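Below is the file entry_38.txt, which contains compact mmCIF, C-alpha atoms.
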# COMPACT_ATOMS: atom_id res chain seq x y z
CA MET A 1 11.13 20.47 40.66
CA ILE A 2 7.69 19.51 39.45
CA PHE A 3 6.25 16.21 40.56
CA VAL A 4 3.23 14.76 38.77
CA SER A 5 1.47 11.99 40.60
CA SER A 6 -1.05 9.55 39.27
CA SER A 7 -2.83 9.41 42.59
CA GLN A 8 -6.41 10.40 43.25
CA PHE A 9 -5.60 14.02 44.20
CA ASN A 10 -5.99 17.10 42.02
CA ALA A 11 -3.59 20.10 41.77
CA ASN A 12 -5.01 21.78 44.91
CA GLY A 13 -4.35 18.71 47.00
CA GLN A 14 -8.01 17.79 47.33
CA ARG A 15 -9.17 14.24 46.79
CA MET A 16 -10.84 13.62 43.40
CA PRO A 17 -14.22 11.92 43.50
CA GLY A 18 -14.62 8.47 42.07
CA GLY A 19 -11.11 7.05 41.92
CA GLY A 20 -11.13 3.34 41.04
CA PHE A 21 -14.89 3.16 41.39
CA GLY A 22 -15.26 5.84 38.68
CA CYS A 23 -13.19 3.75 36.25
CA LEU A 24 -15.31 0.69 36.99
CA LEU A 25 -18.51 2.67 36.48
CA PHE A 26 -17.19 4.14 33.20
CA THR A 27 -16.27 0.64 31.95
CA ILE A 28 -19.72 -0.75 32.78
CA LEU A 29 -21.40 2.18 31.01
CA GLY A 30 -19.14 1.63 27.98
CA PHE A 31 -20.09 -2.06 27.77
CA ALA A 32 -23.78 -1.14 28.12
CA LEU A 33 -23.45 1.38 25.28
CA VAL A 34 -21.76 -1.20 23.03
CA TYR A 35 -24.49 -3.74 23.90
CA PHE A 36 -27.30 -1.40 22.94
CA VAL A 37 -25.59 -0.33 19.71
CA LEU A 38 -25.06 -3.97 18.66
CA LYS A 39 -28.63 -4.83 19.69
CA GLY A 40 -29.99 -2.02 17.51
CA LEU A 41 -27.77 -3.08 14.59
CA TYR A 42 -28.94 -6.69 15.01
CA TRP A 43 -32.59 -5.59 14.99
CA LEU A 44 -32.05 -3.41 11.89
CA LEU A 45 -30.21 -6.14 10.00
CA TYR A 46 -32.82 -8.70 11.09
CA TRP A 47 -35.49 -6.82 9.16
CA LEU A 48 -33.17 -6.05 6.22
CA SER A 49 -31.67 -9.56 5.90
CA PRO A 50 -34.15 -10.95 3.33
CA GLY A 51 -33.51 -7.95 1.10
CA LEU A 52 -29.75 -8.29 1.62
CA LEU A 53 -29.88 -11.95 0.56
CA VAL A 54 -31.96 -11.17 -2.55
CA LEU A 55 -29.59 -8.34 -3.43
CA ALA A 56 -26.61 -10.68 -3.01
CA LEU A 57 -28.37 -13.20 -5.26
CA ILE A 58 -28.85 -10.54 -7.94
CA ILE A 59 -25.28 -9.22 -7.72
CA ASN A 60 -23.49 -12.57 -7.80
CA TRP A 61 -25.43 -15.81 -7.35
CA ARG A 62 -22.22 -17.91 -7.20
CA VAL A 63 -21.65 -16.79 -3.60
CA PHE A 64 -24.30 -19.15 -2.23
CA PRO A 65 -22.98 -22.42 -3.73
CA GLN A 66 -19.42 -21.38 -2.92
CA THR A 67 -20.30 -20.73 0.73
CA ILE A 68 -22.05 -24.09 1.05
CA GLN A 69 -19.17 -25.84 -0.72
CA ASN A 70 -16.65 -24.21 1.64
CA TRP A 71 -18.73 -25.31 4.62
CA PHE A 72 -18.76 -28.94 3.38
CA LYS A 73 -14.99 -28.85 2.81
CA GLY A 74 -14.57 -27.56 6.35
CA LEU A 75 -16.87 -30.29 7.63
CA GLN A 76 -14.58 -32.91 6.08
CA THR A 77 -11.31 -31.42 7.35
CA ASN A 78 -12.32 -29.96 10.73
CA PRO A 79 -15.89 -30.88 11.68
CA ILE A 80 -16.03 -29.22 15.10
CA VAL A 81 -14.99 -25.80 13.84
CA SER A 82 -17.32 -26.14 10.86
CA LEU A 83 -20.26 -26.93 13.13
CA VAL A 84 -19.41 -23.94 15.33
CA TYR A 85 -19.39 -21.73 12.20
CA LEU A 86 -22.78 -23.10 11.21
CA ALA A 87 -24.20 -22.41 14.68
CA MET A 88 -22.84 -18.86 14.60
CA ALA A 89 -24.32 -18.32 11.12
CA ILE A 90 -27.73 -19.40 12.44
CA LEU A 91 -27.58 -17.39 15.67
CA LEU A 92 -26.12 -14.31 14.00
CA PHE A 93 -28.16 -14.65 10.80
CA PRO A 94 -28.55 -10.88 10.19
CA PHE A 95 -24.78 -10.39 10.31
CA PHE A 96 -24.31 -13.50 8.15
CA SER A 97 -26.64 -12.05 5.49
CA LEU A 98 -24.60 -8.82 5.53
CA TYR A 99 -21.44 -10.94 5.14
CA ILE A 100 -22.96 -12.73 2.12
CA LEU A 101 -23.87 -9.40 0.50
CA LEU A 102 -20.38 -7.97 1.06
CA LYS A 103 -18.83 -11.17 -0.30
CA ALA A 104 -21.00 -10.96 -3.44
CA VAL A 105 -20.06 -7.33 -4.02
CA GLY A 106 -16.37 -8.12 -3.46
CA MET A 107 -16.41 -11.07 -5.86
CA LYS A 108 -18.14 -8.96 -8.51
CA GLN A 109 -15.54 -6.23 -8.07
CA LEU A 110 -12.71 -8.78 -8.35
CA GLU A 111 -14.19 -10.14 -11.58
CA ARG A 112 -14.46 -6.62 -12.97
CA MET A 113 -10.86 -5.81 -12.02
CA GLY A 114 -9.66 -9.10 -13.52
CA ASN A 115 -11.38 -8.34 -16.80
CA GLN A 116 -9.82 -4.89 -16.95
CA THR A 117 -6.37 -6.23 -16.07
CA PHE A 118 -6.32 -8.84 -18.81
CA GLY A 119 -7.72 -6.48 -21.43
CA GLN A 120 -11.00 -8.27 -22.07
CA GLN A 121 -13.03 -5.10 -21.63
CA GLY A 122 -10.29 -2.58 -22.50
CA ASN A 123 -9.09 -2.12 -26.06
CA PRO A 124 -10.33 -5.11 -28.03
CA ARG A 125 -8.01 -6.10 -30.88
CA SER A 126 -9.34 -6.64 -34.30
CA GLU A 127 -8.65 -10.04 -35.82
CA GLY A 128 -6.86 -8.75 -38.92
CA GLU A 129 -4.38 -6.53 -37.07
CA PHE A 130 -0.77 -7.69 -36.91
CA THR A 131 1.69 -6.85 -34.21
CA GLU A 132 5.29 -6.19 -35.14
CA PHE A 133 7.91 -8.21 -33.36
CA GLU A 134 11.62 -8.80 -33.48
CA GLU A 135 13.05 -12.28 -33.28
CA ILE A 136 15.94 -12.53 -30.85
CA GLU A 137 18.48 -15.30 -31.11
CA SER A 138 18.79 -17.35 -28.00
CA THR A 139 21.36 -19.81 -26.76
CA PRO A 140 20.36 -23.06 -25.12
CA LYS A 141 20.57 -23.18 -21.34
CA THR A 142 22.77 -26.26 -21.33
CA ASP A 143 26.09 -25.58 -23.01
CA THR A 144 27.68 -28.68 -24.53
CA ARG A 145 31.13 -27.08 -24.69
CA LYS A 146 33.50 -27.58 -21.81
CA PRO A 147 33.97 -24.33 -19.90
CA GLU A 148 37.50 -23.02 -19.74
CA PRO A 149 38.89 -22.87 -16.23
CA ILE A 150 39.24 -19.39 -14.86
CA GLU A 151 42.64 -18.64 -13.42
CA PRO A 152 42.82 -16.45 -10.35
CA PRO A 153 44.67 -13.18 -10.81
CA GLU A 154 48.21 -12.98 -9.56
CA LEU A 155 48.58 -10.99 -6.38
CA PRO A 156 51.62 -8.77 -5.91
CA GLU A 157 54.04 -9.94 -3.28
CA LYS A 158 53.66 -8.27 0.07
CA GLU A 159 56.49 -5.94 0.79
CA THR A 160 57.57 -5.50 4.37
CA PRO A 161 58.55 -2.05 5.60
CA PRO A 162 62.31 -1.66 6.01
CA GLY A 163 62.22 -1.06 9.80
CA SER A 164 60.03 -3.99 10.80
CA SER A 165 60.75 -7.65 10.79
CA GLU A 166 58.21 -10.35 11.24
CA GLU A 167 58.95 -12.59 14.14
CA LYS A 168 57.58 -16.06 14.47
CA LYS A 169 55.20 -16.36 17.33
CA PRO A 170 55.95 -19.08 19.79
CA GLY A 171 53.55 -22.01 19.82
CA ASN A 172 50.62 -22.02 22.13
CA PRO A 173 51.40 -24.00 25.31
CA TYR A 174 47.89 -25.46 25.30
CA ASP A 175 48.52 -27.21 21.96
CA GLN A 176 50.39 -29.95 23.80
CA MET A 177 47.33 -30.82 25.88
CA PHE A 178 45.31 -31.88 22.85
CA ASP A 179 47.94 -34.02 21.11
Rewrite the structure from the file as structure tokens, please.
Amino acid sequence: MIFVSSSQFNANGQRMPGGGFGCLLFTILGFALVYFVLKGLYWLLYWLSPGLLVLALIINWRVFPQTIQNWFKGLQTNPIVSLVYLAMAILLFPFFSLYILLKAVGMKQLERMGNQTFGQQGNPRSEGEFTEFEEIESTPKTDTRKPEPIEPPELPEKETPPGSSEEKKPGNPYDQMFD
């Protein structure tokens, strides 16, 4: 029988170094790594944010009024959350500028897909071209005639096997309690 333990001992029976302290140290180092990566990304986006905003303005200028309009709507319906969003947009301005750029690109892509879907950019029809069609007769939804009643089909009578006879079951003795 093989027994695998999750204790702090290795296969030779010797104690492994670290134990719970090693996990704590690894977690702290992981958080430090994430902090420095986000700090570097913040610094990079901080210097790129004016260019990102200008690029968003060139791609789709409607993003800016729409964002401000959404913020005012949020201010009317839920002012505390809207003010928190505004504070986060100010404190995290480089990430907010990246968000605006991605929103502008996404809106432009949606407009392009909408135009292709509805055929505005696809195959334009010429004005003089006719399309063949077939007229189909239709009946009104409300029928003024009285519907004929549908009769249920007749069921064949149940035949009992020759050797069995149905006996009546005696009444339930508890029925008398509820009378």
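Atom CA of A:Leu101 is found 6.5 Å from atom CA of A:Leu53.
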Select, from A:Gln176, A:Thr77, A:Gln69, A:Ser97, the residue with the minimum atom-to-atom distance to A:Leu48, counting only C-alpha atoms. A:Ser97
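Each of A:Tyr174, A:Ile150, A:Glu132, A:Phe95 was checked against A:Leu38 using all atoms listed in the file; the smallest atom-to-atom distance is that of A:Phe95.
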For stretch 84-87 of chain A: contacts at 12 Å, all atoms listed in the file, fewer than 2 positions along chain excluded, given as a ChimeraX atom specification: /A:67-68,70-72,74-75,78-82,89-93,96
For a test of reading the model, state the distance in Å between atom CA of A:Phe64 and atom CA of A:Lys103, rounded to one decimal. 9.9 Å
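Between atom CA of A:Trp43 and atom CA of A:Met88 the interatomic distance comes to 16.5 Å.
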Residues within 9 Å of A:Met107, all atoms listed in the file, excluding chain neighbours under 4 positions, as a list in words: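 That gives Asn60, Val63, Leu102, Lys103, Glu111 and Arg112 of chain A.
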Considering all atoms listed in the file, state which residue in the set A:Val105, A:Pro94, A:Gln116, A:Pro152 is at the smallest distance from A:Leu45. A:Pro94
If the box runs along x, y and z of the file and leaves 5 Å on each side of stretch 100-117 of chain A, what are its centre and edge lengths in Å, one decimal, as lines of an AutoDock Vina configuration file?
center_x = -15.1
center_y = -8.8
center_z = -7.4
size_x = 27.5
size_y = 17.8
size_z = 29.1
Output stretch 19-44 of chain A from the block with N, CA and C atoms, as a PDB file, in the first residue's frame?
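Ended up saving to part-v4.pdb:
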ATOM      1  N   GLY A  19       8.305  24.879   4.438  1.00  0.00           N
ATOM      2  CA  GLY A  19       6.991  24.550   4.986  1.00  0.00           C
ATOM      3  C   GLY A  19       6.014  25.684   4.761  1.00  0.00           C
ATOM      4  N   GLY A  20       5.283  26.083   5.784  1.00  0.00           N
ATOM      5  CA  GLY A  20       4.307  27.165   5.699  1.00  0.00           C
ATOM      6  C   GLY A  20       4.966  28.509   5.470  1.00  0.00           C
ATOM      7  N   PHE A  21       6.163  28.678   6.006  1.00  0.00           N
ATOM      8  CA  PHE A  21       6.881  29.937   5.812  1.00  0.00           C
ATOM      9  C   PHE A  21       7.262  30.122   4.352  1.00  0.00           C
ATOM     10  N   GLY A  22       7.588  29.032   3.652  1.00  0.00           N
ATOM     11  CA  GLY A  22       7.931  29.101   2.230  1.00  0.00           C
ATOM     12  C   GLY A  22       6.739  29.560   1.397  1.00  0.00           C
ATOM     13  N   CYS A  23       5.548  29.079   1.739  1.00  0.00           N
ATOM     14  CA  CYS A  23       4.340  29.507   1.019  1.00  0.00           C
ATOM     15  C   CYS A  23       4.075  30.990   1.245  1.00  0.00           C
ATOM     16  N   LEU A  24       4.266  31.441   2.479  1.00  0.00           N
ATOM     17  CA  LEU A  24       4.061  32.858   2.785  1.00  0.00           C
ATOM     18  C   LEU A  24       5.063  33.718   2.019  1.00  0.00           C
ATOM     19  N   LEU A  25       6.325  33.274   1.991  1.00  0.00           N
ATOM     20  CA  LEU A  25       7.356  34.016   1.274  1.00  0.00           C
ATOM     21  C   LEU A  25       7.060  34.047  -0.229  1.00  0.00           C
ATOM     22  N   PHE A  26       6.610  32.929  -0.795  1.00  0.00           N
ATOM     23  CA  PHE A  26       6.269  32.865  -2.207  1.00  0.00           C
ATOM     24  C   PHE A  26       5.101  33.799  -2.525  1.00  0.00           C
ATOM     25  N   THR A  27       4.108  33.871  -1.658  1.00  0.00           N
ATOM     26  CA  THR A  27       2.959  34.756  -1.859  1.00  0.00           C
ATOM     27  C   THR A  27       3.382  36.211  -1.823  1.00  0.00           C
ATOM     28  N   ILE A  28       4.233  36.575  -0.889  1.00  0.00           N
ATOM     29  CA  ILE A  28       4.703  37.960  -0.791  1.00  0.00           C
ATOM     30  C   ILE A  28       5.507  38.333  -2.029  1.00  0.00           C
ATOM     31  N   LEU A  29       6.354  37.427  -2.501  1.00  0.00           N
ATOM     32  CA  LEU A  29       7.127  37.698  -3.715  1.00  0.00           C
ATOM     33  C   LEU A  29       6.205  37.818  -4.936  1.00  0.00           C
ATOM     34  N   GLY A  30       5.147  37.012  -4.985  1.00  0.00           N
ATOM     35  CA  GLY A  30       4.192  37.110  -6.086  1.00  0.00           C
ATOM     36  C   GLY A  30       3.486  38.461  -6.095  1.00  0.00           C
ATOM     37  N   PHE A  31       3.046  38.929  -4.913  1.00  0.00           N
ATOM     38  CA  PHE A  31       2.399  40.240  -4.840  1.00  0.00           C
ATOM     39  C   PHE A  31       3.367  41.360  -5.213  1.00  0.00           C
ATOM     40  N   ALA A  32       4.632  41.236  -4.812  1.00  0.00           N
ATOM     41  CA  ALA A  32       5.629  42.248  -5.170  1.00  0.00           C
ATOM     42  C   ALA A  32       5.837  42.271  -6.687  1.00  0.00           C
ATOM     43  N   LEU A  33       5.878  41.103  -7.309  1.00  0.00           N
ATOM     44  CA  LEU A  33       6.048  41.030  -8.760  1.00  0.00           C
ATOM     45  C   LEU A  33       4.854  41.684  -9.472  1.00  0.00           C
ATOM     46  N   VAL A  34       3.643  41.391  -9.028  1.00  0.00           N
ATOM     47  CA  VAL A  34       2.460  41.994  -9.628  1.00  0.00           C
ATOM     48  C   VAL A  34       2.486  43.512  -9.442  1.00  0.00           C
ATOM     49  N   TYR A  35       2.906  43.980  -8.274  1.00  0.00           N
ATOM     50  CA  TYR A  35       2.984  45.418  -8.004  1.00  0.00           C
ATOM     51  C   TYR A  35       3.940  46.106  -8.976  1.00  0.00           C
ATOM     52  N   PHE A  36       5.107  45.519  -9.165  1.00  0.00           N
ATOM     53  CA  PHE A  36       6.083  46.166 -10.041  1.00  0.00           C
ATOM     54  C   PHE A  36       5.665  46.108 -11.514  1.00  0.00           C
ATOM     55  N   VAL A  37       4.985  45.051 -11.914  1.00  0.00           N
ATOM     56  CA  VAL A  37       4.493  44.978 -13.291  1.00  0.00           C
ATOM     57  C   VAL A  37       3.421  46.048 -13.515  1.00  0.00           C
ATOM     58  N   LEU A  38       2.469  46.171 -12.586  1.00  0.00           N
ATOM     59  CA  LEU A  38       1.429  47.192 -12.721  1.00  0.00           C
ATOM     60  C   LEU A  38       2.001  48.607 -12.633  1.00  0.00           C
ATOM     61  N   LYS A  39       3.021  48.785 -11.806  1.00  0.00           N
ATOM     62  CA  LYS A  39       3.662  50.101 -11.694  1.00  0.00           C
ATOM     63  C   LYS A  39       4.341  50.472 -13.013  1.00  0.00           C
ATOM     64  N   GLY A  40       5.013  49.517 -13.638  1.00  0.00           N
ATOM     65  CA  GLY A  40       5.654  49.775 -14.922  1.00  0.00           C
ATOM     66  C   GLY A  40       4.628  50.046 -16.018  1.00  0.00           C
ATOM     67  N   LEU A  41       3.519  49.301 -16.007  1.00  0.00           N
ATOM     68  CA  LEU A  41       2.456  49.525 -16.984  1.00  0.00           C
ATOM     69  C   LEU A  41       1.818  50.895 -16.777  1.00  0.00           C
ATOM     70  N   TYR A  42       1.629  51.293 -15.514  1.00  0.00           N
ATOM     71  CA  TYR A  42       1.072  52.613 -15.219  1.00  0.00           C
ATOM     72  C   TYR A  42       1.998  53.713 -15.748  1.00  0.00           C
ATOM     73  N   TRP A  43       3.297  53.553 -15.506  1.00  0.00           N
ATOM     74  CA  TRP A  43       4.275  54.558 -15.954  1.00  0.00           C
ATOM     75  C   TRP A  43       4.274  54.646 -17.481  1.00  0.00           C
ATOM     76  N   LEU A  44       4.234  53.493 -18.164  1.00  0.00           N
ATOM     77  CA  LEU A  44       4.237  53.478 -19.625  1.00  0.00           C
ATOM     78  C   LEU A  44       2.969  54.127 -20.178  1.00  0.00           C
TER      79      LEU A  44
END
